[in-house]
>>> print(open('protein_33.pdb').read())   # PDB, C-alpha atoms
ATOM      1  CA  MET A 165     303.375   4.750 106.203  1.00  0.00           C
ATOM      2  CA  ASN A 166     303.828   6.519 109.558  1.00  0.00           C
ATOM      3  CA  THR A 167     303.397   9.996 108.124  1.00  0.00           C
ATOM      4  CA  PRO A 168     301.118  12.517 109.877  1.00  0.00           C
ATOM      5  CA  GLY A 169     298.800  12.597 106.837  1.00  0.00           C
ATOM      6  CA  PHE A 170     298.346   8.832 106.935  1.00  0.00           C
ATOM      7  CA  ARG A 171     297.637   8.868 110.676  1.00  0.00           C
ATOM      8  CA  ARG A 172     295.120  11.667 110.267  1.00  0.00           C
ATOM      9  CA  THR A 173     293.361   9.766 107.459  1.00  0.00           C
ATOM     10  CA  LEU A 174     293.320   6.586 109.533  1.00  0.00           C
ATOM     11  CA  VAL A 175     291.856   8.382 112.574  1.00  0.00           C
ATOM     12  CA  VAL A 176     289.173  10.115 110.469  1.00  0.00           C
ATOM     13  CA  THR A 177     288.256   6.793 108.812  1.00  0.00           C
ATOM     14  CA  LEU A 178     287.958   5.001 112.152  1.00  0.00           C
ATOM     15  CA  VAL A 179     285.844   7.811 113.663  1.00  0.00           C
ATOM     16  CA  LEU A 180     283.503   7.846 110.644  1.00  0.00           C
ATOM     17  CA  ALA A 181     283.177   4.051 110.762  1.00  0.00           C
ATOM     18  CA  ALA A 182     282.299   4.176 114.452  1.00  0.00           C
ATOM     19  CA  LEU A 183     279.720   6.952 113.911  1.00  0.00           C
ATOM     20  CA  THR A 184     278.149   5.121 110.970  1.00  0.00           C
ATOM     21  CA  GLY A 185     277.636   1.969 113.044  1.00  0.00           C
ATOM     22  CA  GLN A 186     276.105   4.037 115.824  1.00  0.00           C
ATOM     23  CA  ALA A 187     273.751   5.834 113.414  1.00  0.00           C
ATOM     24  CA  SER A 188     272.727   2.511 111.911  1.00  0.00           C
ATOM     25  CA  ALA A 189     271.966   1.128 115.356  1.00  0.00           C
ATOM     26  CA  ASN A 190     269.910   4.230 116.199  1.00  0.00           C
ATOM     27  CA  VAL A 191     267.896   3.960 112.975  1.00  0.00           C
ATOM     28  CA  SER A 192     267.349   0.257 113.619  1.00  0.00           C
ATOM     29  CA  GLN A 193     266.151   0.939 117.158  1.00  0.00           C
ATOM     30  CA  SER A 194     263.895   3.759 115.944  1.00  0.00           C
ATOM     31  CA  MET A 195     262.336   1.475 113.337  1.00  0.00           C
ATOM     32  CA  GLN A 196     261.873  -1.264 115.945  1.00  0.00           C
ATOM     33  CA  ASP A 197     260.212   1.215 118.308  1.00  0.00           C
ATOM     34  CA  TRP A 198     257.902   2.377 115.507  1.00  0.00           C
ATOM     35  CA  PHE A 199     256.931  -1.216 114.627  1.00  0.00           C
ATOM     36  CA  ASN A 200     256.258  -1.940 118.301  1.00  0.00           C
ATOM     37  CA  ASP A 201     254.115   1.203 118.639  1.00  0.00           C
ATOM     38  CA  ILE A 202     251.829   0.229 115.762  1.00  0.00           C
ATOM     39  CA  GLY A 203     251.730  -3.434 116.795  1.00  0.00           C
ATOM     40  CA  ALA A 204     253.437  -4.606 113.607  1.00  0.00           C
ATOM     41  CA  TYR A 205     255.686  -7.592 113.182  1.00  0.00           C
ATOM     42  CA  GLY A 206     257.794  -8.758 110.284  1.00  0.00           C
ATOM     43  CA  ASN A 207     260.771 -10.641 109.000  1.00  0.00           C
ATOM     44  CA  VAL A 208     263.597  -9.981 106.554  1.00  0.00           C
ATOM     45  CA  THR A 209     265.708 -12.607 104.810  1.00  0.00           C
ATOM     46  CA  GLY A 210     268.607 -12.093 102.459  1.00  0.00           C
ATOM     47  CA  ALA A 211     269.161 -13.560  99.026  1.00  0.00           C
ATOM     48  CA  ASN A 212     270.516 -17.095  98.977  1.00  0.00           C
ATOM     49  CA  ALA A 213     271.028 -20.207  96.877  1.00  0.00           C
ATOM     50  CA  TYR A 214     270.379 -23.761  98.041  1.00  0.00           C
ATOM     51  CA  ARG A 215     271.285 -27.029  96.423  1.00  0.00           C
ATOM     52  CA  GLY A 216     269.085 -29.983  97.259  1.00  0.00           C
ATOM     53  CA  GLN A 217     269.004 -33.612  96.217  1.00  0.00           C
ATOM     54  CA  THR A 218     266.286 -33.137  93.627  1.00  0.00           C
ATOM     55  CA  MET A 219     266.476 -29.466  92.617  1.00  0.00           C
ATOM     56  CA  ASN A 220     268.287 -26.178  93.106  1.00  0.00           C
ATOM     57  CA  PHE A 221     266.562 -23.249  94.773  1.00  0.00           C
ATOM     58  CA  TYR A 222     267.389 -19.565  94.432  1.00  0.00           C
ATOM     59  CA  THR A 223     265.745 -16.843  96.461  1.00  0.00           C
ATOM     60  CA  GLY A 224     265.985 -13.098  96.097  1.00  0.00           C
ATOM     61  CA  GLY A 225     265.259 -12.619  99.782  1.00  0.00           C
ATOM     62  CA  SER A 226     262.068 -11.368 101.322  1.00  0.00           C
ATOM     63  CA  LEU A 227     260.525  -8.751 103.515  1.00  0.00           C
ATOM     64  CA  TYR A 228     257.157  -9.054 105.126  1.00  0.00           C
ATOM     65  CA  MET A 229     255.461  -6.724 107.526  1.00  0.00           C
ATOM     66  CA  ARG A 230     252.093  -7.402 109.099  1.00  0.00           C
ATOM     67  CA  THR A 231     249.901  -5.137 111.114  1.00  0.00           C
ATOM     68  CA  PRO A 232     247.119  -6.629 113.197  1.00  0.00           C
ATOM     69  CA  VAL A 233     243.651  -6.570 111.685  1.00  0.00           C
ATOM     70  CA  ARG A 234     240.994  -5.874 114.258  1.00  0.00           C
ATOM     71  CA  ASN A 235     237.228  -5.634 114.037  1.00  0.00           C
ATOM     72  CA  TYR A 236     235.631  -2.642 115.721  1.00  0.00           C
ATOM     73  CA  PRO A 237     231.850  -2.645 115.983  1.00  0.00           C
ATOM     74  CA  LEU A 238     230.947   1.045 115.775  1.00  0.00           C
ATOM     75  CA  ALA A 239     227.495   0.376 117.191  1.00  0.00           C
ATOM     76  CA  SER A 240     225.414  -2.610 118.180  1.00  0.00           C
ATOM     77  CA  ILE A 241     221.648  -2.740 118.575  1.00  0.00           C
ATOM     78  CA  THR A 242     219.580  -5.624 119.915  1.00  0.00           C
ATOM     79  CA  PRO A 243     215.835  -5.064 119.568  1.00  0.00           C
ATOM     80  CA  PRO A 244     213.437  -5.737 122.423  1.00  0.00           C
ATOM     81  CA  SER A 245     211.866  -9.186 122.625  1.00  0.00           C
ATOM     82  CA  PHE A 246     208.986 -10.800 124.448  1.00  0.00           C
ATOM     83  CA  ARG A 247     208.149 -14.490 124.853  1.00  0.00           C
ATOM     84  CA  ALA A 248     205.452 -16.052 126.924  1.00  0.00           C
ATOM     85  CA  GLY A 249     204.420 -19.640 127.409  1.00  0.00           C
ATOM     86  CA  CYS A 250     203.525 -22.301 129.947  1.00  0.00           C
ATOM     87  CA  GLY A 251     206.893 -21.970 131.671  1.00  0.00           C
ATOM     88  CA  GLY A 252     206.733 -18.228 132.236  1.00  0.00           C
ATOM     89  CA  ILE A 253     207.398 -14.884 130.628  1.00  0.00           C
ATOM     90  CA  ASP A 254     210.620 -13.582 129.106  1.00  0.00           C
ATOM     91  CA  LEU A 255     210.863  -9.850 128.518  1.00  0.00           C
ATOM     92  CA  TYR A 256     214.031  -8.255 127.164  1.00  0.00           C
ATOM     93  CA  ALA A 257     213.998  -4.471 126.783  1.00  0.00           C
ATOM     94  CA  GLY A 258     216.742  -4.417 124.142  1.00  0.00           C
ATOM     95  CA  SER A 259     220.186  -2.850 124.177  1.00  0.00           C
ATOM     96  CA  PHE A 260     222.325  -0.321 122.419  1.00  0.00           C
ATOM     97  CA  SER A 261     226.081   0.077 122.568  1.00  0.00           C
ATOM     98  CA  PHE A 262     228.632   2.155 120.720  1.00  0.00           C
ATOM     99  CA  ILE A 263     232.391   2.435 120.496  1.00  0.00           C
ATOM    100  CA  ASN A 264     234.159   4.555 123.113  1.00  0.00           C
ATOM    101  CA  LYS A 265     236.647   7.328 122.350  1.00  0.00           C
ATOM    102  CA  ASP A 266     239.789   5.256 123.033  1.00  0.00           C
ATOM    103  CA  GLN A 267     238.674   2.409 120.781  1.00  0.00           C
ATOM    104  CA  PHE A 268     237.683   4.873 118.050  1.00  0.00           C
ATOM    105  CA  VAL A 269     241.182   6.400 118.155  1.00  0.00           C
ATOM    106  CA  ALA A 270     242.663   2.872 118.005  1.00  0.00           C
ATOM    107  CA  LEU A 271     240.428   2.141 115.001  1.00  0.00           C
ATOM    108  CA  LEU A 272     241.716   5.198 113.150  1.00  0.00           C
ATOM    109  CA  ARG A 273     245.324   4.249 113.949  1.00  0.00           C
ATOM    110  CA  ASN A 274     244.771   0.707 112.662  1.00  0.00           C
ATOM    111  CA  ILE A 275     243.258   2.046 109.456  1.00  0.00           C
ATOM    112  CA  GLY A 276     246.352   4.188 108.957  1.00  0.00           C
ATOM    113  CA  ASN A 277     248.726   1.336 109.784  1.00  0.00           C
ATOM    114  CA  ASN A 278     246.993  -1.091 107.434  1.00  0.00           C
ATOM    115  CA  ALA A 279     247.022   1.470 104.638  1.00  0.00           C
ATOM    116  CA  ILE A 280     250.840   1.401 104.463  1.00  0.00           C
ATOM    117  CA  GLY A 281     250.960  -1.500 101.987  1.00  0.00           C
ATOM    118  CA  ALA A 282     248.227  -0.066  99.777  1.00  0.00           C
ATOM    119  CA  ALA A 283     249.867   3.360  99.844  1.00  0.00           C
ATOM    120  CA  PHE A 284     253.221   1.854  98.849  1.00  0.00           C
ATOM    121  CA  ASN A 285     251.618   0.079  95.893  1.00  0.00           C
ATOM    122  CA  MET A 286     249.746   3.229  94.837  1.00  0.00           C
ATOM    123  CA  ALA A 287     252.909   5.333  95.115  1.00  0.00           C
ATOM    124  CA  LEU A 288     254.873   2.806  93.064  1.00  0.00           C
ATOM    125  CA  CYS A 289     252.179   2.728  90.378  1.00  0.00           C
ATOM    126  CA  SER A 290     251.907   6.528  90.242  1.00  0.00           C
ATOM    127  CA  MET A 291     255.668   7.120  90.116  1.00  0.00           C
ATOM    128  CA  SER A 292     256.429   4.366  87.633  1.00  0.00           C
ATOM    129  CA  PRO A 293     253.452   2.808  85.839  1.00  0.00           C
ATOM    130  CA  ASP A 294     255.868   0.739  83.750  1.00  0.00           C
ATOM    131  CA  LEU A 295     257.468  -0.764  86.841  1.00  0.00           C
ATOM    132  CA  CYS A 296     254.030  -1.400  88.375  1.00  0.00           C
ATOM    133  CA  ASP A 297     252.886  -3.161  85.184  1.00  0.00           C
ATOM    134  CA  LEU A 298     256.122  -5.166  85.132  1.00  0.00           C
ATOM    135  CA  LEU A 299     255.601  -6.317  88.733  1.00  0.00           C
ATOM    136  CA  LYS A 300     251.998  -7.309  87.981  1.00  0.00           C
ATOM    137  CA  TYR A 301     253.188  -9.191  84.892  1.00  0.00           C
ATOM    138  CA  LEU A 302     255.920 -10.976  86.863  1.00  0.00           C
ATOM    139  CA  GLN A 303     253.445 -11.934  89.606  1.00  0.00           C
ATOM    140  CA  ASP A 304     251.103 -13.318  86.947  1.00  0.00           C
ATOM    141  CA  GLN A 305     253.931 -15.296  85.315  1.00  0.00           C
ATOM    142  CA  VAL A 306     255.081 -16.709  88.662  1.00  0.00           C
ATOM    143  CA  SER A 307     251.516 -17.754  89.402  1.00  0.00           C
ATOM    144  CA  LYS A 308     251.282 -19.498  86.030  1.00  0.00           C
ATOM    145  CA  MET A 309     254.640 -21.233  86.600  1.00  0.00           C
ATOM    146  CA  ASN A 310     253.506 -22.437  90.023  1.00  0.00           C
ATOM    147  CA  ASN A 311     250.433 -23.954  88.371  1.00  0.00           C
ATOM    148  CA  LEU A 312     252.745 -26.130  86.278  1.00  0.00           C
ATOM    149  CA  ASN A 313     253.610 -28.328  89.253  1.00  0.00           C
ATOM    150  CA  ILE A 314     253.385 -32.011  88.454  1.00  0.00           C
ATOM    151  CA  ASN A 315     251.891 -34.534  90.836  1.00  0.00           C
ATOM    152  CA  SER A 316     253.479 -37.911  90.054  1.00  0.00           C
ATOM    153  CA  CYS A 317     250.289 -39.824  90.885  1.00  0.00           C
ATOM    154  CA  GLN A 318     248.144 -37.629  88.687  1.00  0.00           C
ATOM    155  CA  ALA A 319     250.706 -37.799  85.868  1.00  0.00           C
ATOM    156  CA  THR A 320     250.682 -41.623  85.860  1.00  0.00           C
ATOM    157  CA  SER A 321     246.888 -41.851  85.992  1.00  0.00           C
ATOM    158  CA  ILE A 322     246.272 -39.553  83.004  1.00  0.00           C
ATOM    159  CA  PRO A 323     246.593 -42.295  80.326  1.00  0.00           C
ATOM    160  CA  ALA A 324     244.307 -44.630  82.316  1.00  0.00           C
ATOM    161  CA  ARG A 325     241.462 -42.080  82.634  1.00  0.00           C
ATOM    162  CA  PRO A 326     238.704 -41.455  80.143  1.00  0.00           C
ATOM    163  CA  PRO A 327     239.279 -38.073  78.397  1.00  0.00           C
ATOM    164  CA  LYS A 328     236.253 -36.292  79.991  1.00  0.00           C
ATOM    165  CA  GLU A 329     237.434 -36.937  83.550  1.00  0.00           C
ATOM    166  CA  SER A 330     239.584 -34.123  84.937  1.00  0.00           C
ATOM    167  CA  SER A 331     240.940 -35.738  88.088  1.00  0.00           C
ATOM    168  CA  PRO A 332     242.119 -39.208  89.098  1.00  0.00           C
ATOM    169  CA  PRO A 333     239.505 -41.605  90.447  1.00  0.00           C
ATOM    170  CA  PRO A 334     238.853 -41.335  94.194  1.00  0.00           C
ATOM    171  CA  GLY A 335     241.426 -43.243  96.205  1.00  0.00           C
ATOM    172  CA  ALA A 336     243.862 -43.493  93.299  1.00  0.00           C
ATOM    173  CA  CYS A 337     246.412 -41.124  94.870  1.00  0.00           C
TER
END
>>> encode(input="protein_33.pdb", output="structure tokens")
Amino acid sequence: MNTPGFRRTLVVTLVLAALTGQASANVSQSMQDWFNDIGAYGNVTGANAYRGQTMNFYTGGSLYMRTPVRNYPLASITPPSFRAGCGGIDLYAGSFSFINKDQFVALLRNIGNNAIGAAFNMALCSMSPDLCDLLKYLQDQVSKMNNLNINSCQATSIPARPPKESSPPPGAC
């Protein structure tokens, strides 16, 4: 075990492990800096399984990233107005405003940042239409399964309702 070849292999392995951790930290910091620059925030969770009193829950993990949505009025016009009466005269000559250069640049950046999700979906669908169709199908099936939730109050009031009524009587649940 204390041969020069073993020591050399051990040293090379330790150096590579140390460099890999450092590279991972640098990539993580670079990604964090990029998210901060575009004003994005997000969260990542790993896969897990939970056992509760009434049901078991399995999750495949999640990733969400949000970029702020801002409204930029490119231009605003208020027409002139005139009012006169017993109390006096009001005359407003109108106004006109438009976006400045800095806000216009920020608008273009926000458009680019918010296009990331749409671009990812378009890229996925163009590279693998089958996978895109499968994801749409799975989302549809999950939505249908979620619509199968049973409300215990509604389930007990079904036999007591006339057939044409689609919901329990007010105040029943």
>>> atom_distance(input="protein_33.pdb", atom1="atom CA of A:Arg247", atom2="atom CA of A:Ser261")
23.2 Å
>>> residues_around(input="protein_33.pdb", residues="A:Leu227", least_positions_apart="4", cutoff="9 Å", atoms="all atoms listed in the file", output="PyMOL selection string")
chain A and resi 206-210
>>> closest_residue(input="protein_33.pdb", among="A:Ala213, A:Ala283, A:Ala248, A:Ala270", to="A:Pro232", atoms="all atoms listed in the file")
A:Ala270
>>> closest_residue(input="protein_33.pdb", among="A:Gly249, A:Gly276, A:Gly203, A:Pro244", to="A:Arg230", atoms="all atoms listed in the file")
A:Gly203
>>> resolve_selection(input="protein_33.pdb", expression="the PyMOL selection byres ((chain A and resi 211) around 6)", output="PyMOL selection string")
chain A and resi 210+212+223-225
>>> atom_distance(input="protein_33.pdb", atom1="atom CA of A:Asn278", atom2="atom CA of A:Met229")
10.2 Å
>>> atom_distance(input="protein_33.pdb", atom1="atom CA of A:Cys289", atom2="atom CA of A:Lys308")
22.7 Å
>>> axis_aligned_box(input="protein_33.pdb", around="stretch 254-264 of chain A", padding_each_side="6 Å", output="AutoDock Vina command-line options")
--center_x 222.4 --center_y -4.5 --center_z 124.8 --size_x 35.5 --size_y 30.1 --size_z 20.6
>>> closest_residue(input="protein_33.pdb", among="A:Gln217, A:Gln193, A:Ser226, A:Thr231", to="A:Ile275", atoms="all atoms listed in the file")
A:Thr231
